[in-house]
Amino acid sequence: MTDQTEYVPPEVWTWDSESGGRFANINRPIAGATHDKELPKGKHPIQLYSLGTPNGVKVTILLEELLAAGFDGAEYDAWLINIGEGDQFSSGYVELNPNSKIPVMLDTTNNQRVFESGSILMYLAEKFGAFIPKDPAKRTEMLSWLFWQMGSAPYLGGGFGHFYAYAPYKMEYPINRFSMEVKRQMDVLDRHLKENQFMAGDEYSIADMAIWPWYGGMAKGVMYDAAKFLSVHEYTNVIRWADEIGAREPVKRGRMVNRVFGEPSSQLHERHDASDFDTRTQDKIGE
Ligand SMILES: N[C@@H](CCC(=O)N[C@@H](CS)C(=O)NCC(=O)O)C(=O)O
């Protein structure tokens, strides 16, 4: 292993040094609001405040799937939260999500706030009785995979992604550690998807919608420019599953919502009407 300058922790950690790295300007060791600002509200029953990251996309995929399945009560306004600018620390945002992370949702029919993407997926699936198996054994299997995702993805994003792509310089120890773990996780999925069409067997569910943006993205080589480094071509069953889900029209639409990177035609910064996909993408409005 190459020698890295050794860090000797002080007796008591203090927040007085610039950590560097891609998100250094918004990271801080305290919770709560930094400024007073109300959140905007639209006309639809569901108000979503989010960004088109893997955690945000889980929810917009489910909302688009619900609408495609005929659940009109899932009509939604998706507002853009620019986490690089600190929108997640406004007083209105913190009122809905004390954890200041995207996504957060407000169900205006009962004034219920819901934060944490897994909780939002469960709330909506239960509200509409869709994409959550009715059979108790299948439901339990589905929830096991949903919670697997919530526990595992921070190793992929906060661990591997952070040290491989975002840290101010490359460090062998954390990159090794998290590469090992991410490859192990990909193998877990690959073995399961060899025997199962979807995460919960033969039923497409919110577990697929949660896992696909992270691990499907990894298998398809669109995360952290790490396809070669992690030899993701090895995970053929994950790739088969990722392709099947990625081909669904509601998934294609869900991916576009609150997206601020990639082809302008793939970016719908805010979604307030189904017609926005045809008329309000960045190539059309060019903001
Ligand atoms: N466990 C949370 C994680 C959400 C999360 O980490 N969101 C990131 C973007 S993907 C975020 O809002 N980061 C802003 C920040 O850290 O200030 C969930 O699944 O909802």
# chains A, B, ... in the order shown; residues from 1 in each chain; ligands from 1
$ residues_around --residues "Ala74 in chain A" --least-positions-apart "4" --cutoff "9 Å" --atoms "only C-alpha atoms" --output "ChimeraX atom specification"
/A:44-46,63-64,66-67,70,124,128
$ closest_atom_pairs --of "chain A" --to "ligand 1" --cutoff "10 Å" --atoms "only C-alpha atoms and all ligand atoms" --output "JSON lines"
{"residue": "A:Phe23", "atom": "CA", "partner": "ligand 1", "partner_atom_place_in_ligand_line": "16 (O)", "distance": 7.9}
{"residue": "A:Ala24", "atom": "CA", "partner": "ligand 1", "partner_atom_place_in_ligand_line": "17 (O)", "distance": 9.8}
{"residue": "A:Asn25", "atom": "CA", "partner": "ligand 1", "partner_atom_place_in_ligand_line": "17 (O)", "distance": 9.6}
{"residue": "A:Ile26", "atom": "CA", "partner": "ligand 1", "partner_atom_place_in_ligand_line": "17 (O)", "distance": 6.0}
{"residue": "A:Asn27", "atom": "CA", "partner": "ligand 1", "partner_atom_place_in_ligand_line": "17 (O)", "distance": 6.2}
{"residue": "A:Arg28", "atom": "CA", "partner": "ligand 1", "partner_atom_place_in_ligand_line": "17 (O)", "distance": 8.5}
{"residue": "A:Ala31", "atom": "CA", "partner": "ligand 1", "partner_atom_place_in_ligand_line": "17 (O)", "distance": 10.0}
{"residue": "A:Ser50", "atom": "CA", "partner": "ligand 1", "partner_atom_place_in_ligand_line": "12 (O)", "distance": 8.0}
{"residue": "A:Leu51", "atom": "CA", "partner": "ligand 1", "partner_atom_place_in_ligand_line": "9 (C)", "distance": 7.4}
{"residue": "A:Gly52", "atom": "CA", "partner": "ligand 1", "partner_atom_place_in_ligand_line": "10 (S)", "distance": 8.2}
{"residue": "A:Thr53", "atom": "CA", "partner": "ligand 1", "partner_atom_place_in_ligand_line": "10 (S)", "distance": 5.1}
{"residue": "A:Pro54", "atom": "CA", "partner": "ligand 1", "partner_atom_place_in_ligand_line": "10 (S)", "distance": 6.2}
{"residue": "A:Asn55", "atom": "CA", "partner": "ligand 1", "partner_atom_place_in_ligand_line": "10 (S)", "distance": 5.0}
{"residue": "A:Gly56", "atom": "CA", "partner": "ligand 1", "partner_atom_place_in_ligand_line": "10 (S)", "distance": 6.6}
{"residue": "A:Val57", "atom": "CA", "partner": "ligand 1", "partner_atom_place_in_ligand_line": "10 (S)", "distance": 9.3}
{"residue": "A:Lys58", "atom": "CA", "partner": "ligand 1", "partner_atom_place_in_ligand_line": "19 (O)", "distance": 9.0}
{"residue": "A:Val59", "atom": "CA", "partner": "ligand 1", "partner_atom_place_in_ligand_line": "20 (O)", "distance": 9.6}
{"residue": "A:Ile81", "atom": "CA", "partner": "ligand 1", "partner_atom_place_in_ligand_line": "12 (O)", "distance": 8.7}
{"residue": "A:Asn82", "atom": "CA", "partner": "ligand 1", "partner_atom_place_in_ligand_line": "14 (C)", "distance": 8.8}
{"residue": "A:Ile83", "atom": "CA", "partner": "ligand 1", "partner_atom_place_in_ligand_line": "14 (C)", "distance": 5.3}
{"residue": "A:Gly84", "atom": "CA", "partner": "ligand 1", "partner_atom_place_in_ligand_line": "14 (C)", "distance": 7.6}
{"residue": "A:Glu85", "atom": "CA", "partner": "ligand 1", "partner_atom_place_in_ligand_line": "17 (O)", "distance": 9.4}
{"residue": "A:Gly86", "atom": "CA", "partner": "ligand 1", "partner_atom_place_in_ligand_line": "17 (O)", "distance": 7.0}
{"residue": "A:Asp87", "atom": "CA", "partner": "ligand 1", "partner_atom_place_in_ligand_line": "17 (O)", "distance": 8.8}
{"residue": "A:Gln88", "atom": "CA", "partner": "ligand 1", "partner_atom_place_in_ligand_line": "17 (O)", "distance": 6.6}
{"residue": "A:Phe89", "atom": "CA", "partner": "ligand 1", "partner_atom_place_in_ligand_line": "17 (O)", "distance": 7.9}
{"residue": "A:Asn97", "atom": "CA", "partner": "ligand 1", "partner_atom_place_in_ligand_line": "20 (O)", "distance": 9.7}
{"residue": "A:Asn99", "atom": "CA", "partner": "ligand 1", "partner_atom_place_in_ligand_line": "2 (C)", "distance": 8.5}
{"residue": "A:Ser100", "atom": "CA", "partner": "ligand 1", "partner_atom_place_in_ligand_line": "17 (O)", "distance": 6.2}
{"residue": "A:Lys101", "atom": "CA", "partner": "ligand 1", "partner_atom_place_in_ligand_line": "12 (O)", "distance": 3.2}
{"residue": "A:Ile102", "atom": "CA", "partner": "ligand 1", "partner_atom_place_in_ligand_line": "12 (O)", "distance": 3.9}
{"residue": "A:Pro103", "atom": "CA", "partner": "ligand 1", "partner_atom_place_in_ligand_line": "20 (O)", "distance": 5.5}
{"residue": "A:Val104", "atom": "CA", "partner": "ligand 1", "partner_atom_place_in_ligand_line": "20 (O)", "distance": 7.5}
{"residue": "A:Val114", "atom": "CA", "partner": "ligand 1", "partner_atom_place_in_ligand_line": "20 (O)", "distance": 9.8}
{"residue": "A:Phe115", "atom": "CA", "partner": "ligand 1", "partner_atom_place_in_ligand_line": "20 (O)", "distance": 6.4}
{"residue": "A:Glu116", "atom": "CA", "partner": "ligand 1", "partner_atom_place_in_ligand_line": "20 (O)", "distance": 3.5}
{"residue": "A:Ser117", "atom": "CA", "partner": "ligand 1", "partner_atom_place_in_ligand_line": "20 (O)", "distance": 3.8}
{"residue": "A:Gly118", "atom": "CA", "partner": "ligand 1", "partner_atom_place_in_ligand_line": "19 (O)", "distance": 6.0}
{"residue": "A:Ser119", "atom": "CA", "partner": "ligand 1", "partner_atom_place_in_ligand_line": "20 (O)", "distance": 8.0}
{"residue": "A:Ile120", "atom": "CA", "partner": "ligand 1", "partner_atom_place_in_ligand_line": "20 (O)", "distance": 8.3}
{"residue": "A:Leu121", "atom": "CA", "partner": "ligand 1", "partner_atom_place_in_ligand_line": "19 (O)", "distance": 10.0}
{"residue": "A:Gln149", "atom": "CA", "partner": "ligand 1", "partner_atom_place_in_ligand_line": "19 (O)", "distance": 9.0}
{"residue": "A:Met150", "atom": "CA", "partner": "ligand 1", "partner_atom_place_in_ligand_line": "19 (O)", "distance": 6.4}
{"residue": "A:Gly151", "atom": "CA", "partner": "ligand 1", "partner_atom_place_in_ligand_line": "1 (N)", "distance": 8.5}
{"residue": "A:Ala153", "atom": "CA", "partner": "ligand 1", "partner_atom_place_in_ligand_line": "19 (O)", "distance": 8.7}
{"residue": "A:Pro154", "atom": "CA", "partner": "ligand 1", "partner_atom_place_in_ligand_line": "6 (O)", "distance": 7.9}
{"residue": "A:Gly157", "atom": "CA", "partner": "ligand 1", "partner_atom_place_in_ligand_line": "10 (S)", "distance": 8.3}
{"residue": "A:Gly158", "atom": "CA", "partner": "ligand 1", "partner_atom_place_in_ligand_line": "6 (O)", "distance": 8.2}
{"residue": "A:Ala210", "atom": "CA", "partner": "ligand 1", "partner_atom_place_in_ligand_line": "19 (O)", "distance": 9.0}
$ write_last_selection --atoms "C-alpha atoms" --output "PDB file, in the first residue's frame"
ATOM      1  CA  PHE A  23     -19.635  19.229  -1.264  1.00  0.00           C
ATOM      2  CA  ALA A  24     -17.419  21.017   1.255  1.00  0.00           C
ATOM      3  CA  ASN A  25     -19.296  24.307   0.929  1.00  0.00           C
ATOM      4  CA  ILE A  26     -22.637  22.851   2.105  1.00  0.00           C
ATOM      5  CA  ASN A  27     -21.411  20.345   4.695  1.00  0.00           C
ATOM      6  CA  ARG A  28     -21.605  21.431   8.316  1.00  0.00           C
ATOM      7  CA  ALA A  31     -28.726  20.634  11.841  1.00  0.00           C
ATOM      8  CA  SER A  50     -36.256  17.019  -4.733  1.00  0.00           C
ATOM      9  CA  LEU A  51     -33.339  16.717  -7.133  1.00  0.00           C
ATOM     10  CA  GLY A  52     -32.689  14.084  -9.816  1.00  0.00           C
ATOM     11  CA  THR A  53     -30.095  12.105  -7.880  1.00  0.00           C
ATOM     12  CA  PRO A  54     -30.581   8.350  -7.343  1.00  0.00           C
ATOM     13  CA  ASN A  55     -32.460   9.060  -4.087  1.00  0.00           C
ATOM     14  CA  GLY A  56     -34.720  11.603  -5.760  1.00  0.00           C
ATOM     15  CA  VAL A  57     -35.353   9.515  -8.862  1.00  0.00           C
ATOM     16  CA  LYS A  58     -36.749   6.600  -6.831  1.00  0.00           C
ATOM     17  CA  VAL A  59     -39.748   8.727  -5.927  1.00  0.00           C
ATOM     18  CA  ILE A  81     -34.104  21.735  -4.599  1.00  0.00           C
ATOM     19  CA  ASN A  82     -30.587  22.833  -5.454  1.00  0.00           C
ATOM     20  CA  ILE A  83     -28.506  21.159  -2.736  1.00  0.00           C
ATOM     21  CA  GLY A  84     -25.316  22.835  -3.973  1.00  0.00           C
ATOM     22  CA  GLU A  85     -26.905  26.195  -3.160  1.00  0.00           C
ATOM     23  CA  GLY A  86     -28.192  25.060   0.263  1.00  0.00           C
ATOM     24  CA  ASP A  87     -31.944  25.032  -0.576  1.00  0.00           C
ATOM     25  CA  GLN A  88     -32.316  22.050   1.786  1.00  0.00           C
ATOM     26  CA  PHE A  89     -31.500  24.354   4.730  1.00  0.00           C
ATOM     27  CA  ASN A  97     -37.468  17.300   6.635  1.00  0.00           C
ATOM     28  CA  ASN A  99     -32.631  15.940   8.171  1.00  0.00           C
ATOM     29  CA  SER A 100     -32.192  18.459   5.310  1.00  0.00           C
ATOM     30  CA  LYS A 101     -31.732  15.883   2.548  1.00  0.00           C
ATOM     31  CA  ILE A 102     -33.677  15.403  -0.658  1.00  0.00           C
ATOM     32  CA  PRO A 103     -36.268  14.051  -1.298  1.00  0.00           C
ATOM     33  CA  VAL A 104     -39.146  15.209   0.874  1.00  0.00           C
ATOM     34  CA  VAL A 114     -42.854  12.258   4.568  1.00  0.00           C
ATOM     35  CA  PHE A 115     -39.060  12.260   4.487  1.00  0.00           C
ATOM     36  CA  GLU A 116     -36.510   9.505   3.713  1.00  0.00           C
ATOM     37  CA  SER A 117     -36.920   8.064   0.228  1.00  0.00           C
ATOM     38  CA  GLY A 118     -37.736   4.551   1.497  1.00  0.00           C
ATOM     39  CA  SER A 119     -40.467   5.922   3.727  1.00  0.00           C
ATOM     40  CA  ILE A 120     -41.891   7.960   0.826  1.00  0.00           C
ATOM     41  CA  LEU A 121     -41.966   4.854  -1.388  1.00  0.00           C
ATOM     42  CA  GLN A 149     -31.083  -0.698  -0.325  1.00  0.00           C
ATOM     43  CA  MET A 150     -31.497   1.954   2.344  1.00  0.00           C
ATOM     44  CA  GLY A 151     -28.683   0.388   4.382  1.00  0.00           C
ATOM     45  CA  ALA A 153     -26.418   2.551  -0.803  1.00  0.00           C
ATOM     46  CA  PRO A 154     -24.516   4.817   1.621  1.00  0.00           C
ATOM     47  CA  GLY A 157     -22.506   6.716  -2.611  1.00  0.00           C
ATOM     48  CA  GLY A 158     -21.098   8.074   0.641  1.00  0.00           C
ATOM     49  CA  ALA A 210     -35.287   1.925  -4.939  1.00  0.00           C
TER      50      ALA A 210
END
$ select_by_dssp --residues "range 184-226 of chain A" --states "alpha helix (DSSP H)" --output "PyMOL selection string"
chain A and resi 184-195+206-211+217-219
$ write_last_selection --atoms "C-alpha atoms" --output "mmCIF file, in the first residue's frame"
data_model
loop_
_atom_site.group_PDB
_atom_site.id
_atom_site.type_symbol
_atom_site.label_atom_id
_atom_site.label_comp_id
_atom_site.auth_asym_id
_atom_site.auth_seq_id
_atom_site.Cartn_x
_atom_site.Cartn_y
_atom_site.Cartn_z
ATOM 1 C CA ARG A 184 -19.743 -7.641 -2.760
ATOM 2 C CA GLN A 185 -23.114 -5.864 -2.903
ATOM 3 C CA MET A 186 -23.211 -6.141 -6.705
ATOM 4 C CA ASP A 187 -22.556 -9.870 -6.351
ATOM 5 C CA VAL A 188 -25.410 -10.168 -3.818
ATOM 6 C CA LEU A 189 -27.749 -8.637 -6.391
ATOM 7 C CA ASP A 190 -26.331 -10.617 -9.289
ATOM 8 C CA ARG A 191 -26.897 -13.948 -7.542
ATOM 9 C CA HIS A 192 -30.440 -12.966 -6.531
ATOM 10 C CA LEU A 193 -31.361 -11.693 -9.989
ATOM 11 C CA LYS A 194 -30.054 -14.878 -11.586
ATOM 12 C CA GLU A 195 -32.967 -16.696 -9.932
ATOM 13 C CA ILE A 206 -40.889 -0.384 -4.967
ATOM 14 C CA ALA A 207 -37.816 -2.482 -4.072
ATOM 15 C CA ASP A 208 -36.841 -2.433 -7.768
ATOM 16 C CA MET A 209 -37.539 1.296 -7.946
ATOM 17 C CA ALA A 210 -35.287 1.925 -4.939
ATOM 18 C CA ILE A 211 -32.399 -0.298 -6.020
ATOM 19 C CA GLY A 217 -26.802 2.784 -12.644
ATOM 20 C CA MET A 218 -23.623 1.126 -11.420
ATOM 21 C CA ALA A 219 -24.192 -1.971 -13.596
#
$ closest_residue --among "A:Lys127, A:Tyr204, A:Ala165, A:Pro98" --to "Met223 in chain A" --atoms "only C-alpha atoms"
A:Ala165
$ select_by_dssp --residues "range 35-198 of chain A" --states "strand (DSSP E or B)" --output "JSON list (two decimals) with C-alpha atoms, in the first residue's frame"
[["chain", "number", "residue", "atom", "x", "y", "z"],
["A", 35, "HIS", "CA", -32.33, 31.01, 6.37],
["A", 46, "ILE", "CA", -48.65, 15.58, -3.90],
["A", 47, "GLN", "CA", -45.90, 18.17, -3.50],
["A", 48, "LEU", "CA", -42.36, 16.85, -3.99],
["A", 49, "TYR", "CA", -39.20, 18.83, -3.22],
["A", 50, "SER", "CA", -36.26, 17.02, -4.73],
["A", 76, "TYR", "CA", -47.72, 15.86, -8.36],
["A", 77, "ASP", "CA", -45.71, 19.04, -8.48],
["A", 78, "ALA", "CA", -41.96, 18.38, -8.39],
["A", 79, "TRP", "CA", -40.01, 21.42, -7.22],
["A", 80, "LEU", "CA", -36.26, 21.68, -7.71],
["A", 90, "SER", "CA", -34.41, 26.79, 4.26],
["A", 104, "VAL", "CA", -39.15, 15.21, 0.87],
["A", 105, "MET", "CA", -42.86, 15.02, 0.11],
["A", 106, "LEU", "CA", -46.02, 16.67, 1.36],
["A", 107, "ASP", "CA", -49.36, 14.91, 0.89],
["A", 112, "GLN", "CA", -48.72, 14.60, 5.98],
["A", 113, "ARG", "CA", -44.99, 15.24, 5.57],
["A", 114, "VAL", "CA", -42.85, 12.26, 4.57],
["A", 115, "PHE", "CA", -39.06, 12.26, 4.49],
["A", 198, "PHE", "CA", -37.39, -8.73, -10.02]]
$ residues_around --residues "Asp283 in chain A" --least-positions-apart "2" --cutoff "8 Å" --atoms "only C-alpha atoms" --output "count of residues only"
5
$ residues_around --residues "His233 in chain A" --least-positions-apart "4" --cutoff "10 Å" --atoms "only C-alpha atoms" --output "list of chain:residue names"
A:Met218, A:Ala219, A:Lys220, A:Gly221, A:Ala227, A:Lys228, A:Asn237, A:Val238, A:Ile239
$ atom_distance --atom1 "CA of Ala242 in chain A" --atom2 "CA of Asp72 in chain A"
27.2 Å
$ closest_residue --among "A:Pro9, A:Gly161, A:Gly92, A:Pro168" --to "Lys41 in chain A" --atoms "only C-alpha atoms"
A:Gly92
$ closest_residue --among "A:Tyr169, A:Gly159, A:Asn110, A:Gly201" --to "Ala137 in chain A" --atoms "only C-alpha atoms"
A:Gly201
$ atom_distance --atom1 "CA of Leu62 in chain A" --atom2 "CA of Pro250 in chain A"
8.1 Å
